[in-house]
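Report on one structure; see the data block that follows.
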Amino acid sequence: MVSAREIPPGGEGNIEVTLNTANRRRALMKQITVSTNDLNHPSVELIIRADIVNTLALEQTTVTFRQVNKGQQEVRYATLVGKDADQTDITAITCAHPSLRVEYSKTGFNNIAHQRIRITLPADTPIGRFSEQVILKTNHPKKPTLTMLVVGEVVGIVRAVPYRLNFSLTGVPSDVVRQVRFNSINTPFKILGVTCDVPGLKTRLEEVAPGTAYTVTVTLPAGYTGGPFAGTLVIETDLPDQKTVEVKVVGQPRRTPNPELP
């Protein structure tokens, strides 16, 4: 923001720069261009540099567990950073996920300073994807709450690719076909049955490689007149520890551009 639009000869003006430091860390540089009607100086370039120091923050706000095998326990660590990190404690932790365990140690787990927060995914966590917001309460007067997102996936012997089938419902002049592949790398399995809870959809099972790979074809028939749907394709297997595998099946009208918009 400038102090005045016009500056008389020999006068001076001020430019006020406001920097939003939210979600920013460490050094920052911004370039500002000021345009004038001075023929000798039609523009002036200003370089703004700032060294942003956090009062208190999480070193990482997202913790990821990528494709953890069922029956395997995984642990991740996080810590506090900022000039007040060493003087701040976590006083309470809220995590609604029934399996995830989030714990705090003032000195750091295993006496390692940068491992003050431990996130454990137990071996008995159910198969599937998860996304959970963890709320950390602190005793810091200016940062009473910190938020962390924990995301991941627990996979079984049988894996489905993709995990979701999408159908467009804006005019169905011909059959719309989608496929899901079910694979196992080391353990042979059989598919005992296939069901889909969306009325009107047809399914067909095909064995690609004996005992290790199958495809399920899902067909939305031509002339489908039903409305939007959100259902589930379920295969039943002969594996005691993974009796079923589920795939989301979604049908929505295709978005069409508004011709009146520029």
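Starting from 1 in every chain, residues are counted up; chains themselves are A, B, ... following the order of the structure tokens, and ligands are numbered from 1 as listed.
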
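Note that DSSP on the backbone gives helix (DSSP H, G or I) to these residues of stretch 71-184 of chain A: Ala85, Asp86, Gln87, Phe109, Asn110 and Asn111 of chain A.
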
task = For A:Val34, please output as a PyMOL selection string all residues within 10 Å (counting only C-alpha atoms; exclusion window: fewer than 4 positions along the same chain).
result = chain A and resi 2+15+41-46

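Between A:Thr125 and the candidates A:Asn69, A:Thr145, A:Asn110, A:Gln179, the tightest atom-to-atom separation, counting only C-alpha atoms, involves A:Asn69.
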
message = I'd like to know which of A:Val177, A:Cys95, A:Ile157, A:Leu121 is closest to A:Lys137, using only C-alpha atoms.
response = A:Cys95

ask   = as an MDAnalysis selection string, which residues of stretch 14-237 of chain A does DSSP assign to strand (DSSP E)?
value = chainID A and resid 26:35 43:52 57:58 62:69 74:78 80:81 90:94 101:104 117:121 128:138 145:155 159:161 164:168 176:183 191:196 202:209 213:220 229:237

Write out as JSON lines a residue-level contact list of stretch 139-187 of chain A versus stretch 201-220 of chain A with cut-off 8 Å: for each qualifying residue the closest pair of atoms and the distance in Å to one decimal, counting only C-alpha atoms, rows sorted by chain and residue number upward.
{"residue": "A:Phe167", "atom": "CA", "partner": "A:Leu220", "partner_atom": "CA", "distance": 7.7}
{"residue": "A:Asp175", "atom": "CA", "partner": "A:Leu220", "partner_atom": "CA", "distance": 5.7}
{"residue": "A:Val176", "atom": "CA", "partner": "A:Leu220", "partner_atom": "CA", "distance": 5.0}
{"residue": "A:Val177", "atom": "CA", "partner": "A:Thr219", "partner_atom": "CA", "distance": 4.6}
{"residue": "A:Arg178", "atom": "CA", "partner": "A:Val218", "partner_atom": "CA", "distance": 5.3}
{"residue": "A:Gln179", "atom": "CA", "partner": "A:Thr217", "partner_atom": "CA", "distance": 4.5}
{"residue": "A:Val180", "atom": "CA", "partner": "A:Val216", "partner_atom": "CA", "distance": 5.3}
{"residue": "A:Arg181", "atom": "CA", "partner": "A:Thr215", "partner_atom": "CA", "distance": 4.4}
{"residue": "A:Phe182", "atom": "CA", "partner": "A:Tyr214", "partner_atom": "CA", "distance": 5.2}
{"residue": "A:Asn183", "atom": "CA", "partner": "A:Ala213", "partner_atom": "CA", "distance": 4.5}
{"residue": "A:Ser184", "atom": "CA", "partner": "A:Thr212", "partner_atom": "CA", "distance": 5.0}
{"residue": "A:Ile185", "atom": "CA", "partner": "A:Thr212", "partner_atom": "CA", "distance": 6.8}
{"residue": "A:Asn186", "atom": "CA", "partner": "A:Thr212", "partner_atom": "CA", "distance": 8.0}
{"residue": "A:Thr187", "atom": "CA", "partner": "A:Thr212", "partner_atom": "CA", "distance": 7.3}

key: Atom pair atom CA of A:Glu103 / atom CA of A:Arg118: separation (Å)   =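 For atom CA of A:Glu103 relative to atom CA of A:Arg118, the distance reads 5.2 Å.
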
request  = Would you kindly return, as a list in words, each protein, DNA or RNA residue with an atom no farther than 9 Å from any atom of A:Val249, considering only C-alpha atoms and excluding same-chain residues fewer than 6 positions away?
outcome  =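 Surrounding residues, per the criterion: Tyr163, Arg164, Leu165, Asn166, Phe167, Cys196, Val198, Phe229, Ala230, Gly231, Thr232 and Leu233 of chain A.
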
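With atom CA of A:Thr55 on one side and atom CA of A:Ile135 on the other, the separation reads 18.0 Å.
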
Residues near A:His114, cut-off 12 Å, only C-alpha atoms, skip fewer than 6 positions along chain, as a list in words =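 Contacts, in chain order: Leu58, Glu59, Gln60, Arg76, Tyr77, Ala78, Thr79, Leu80, Val81, Ala85, Asp86, Tyr104, Ser105, Lys106, Thr107 and Gly108 of chain A.
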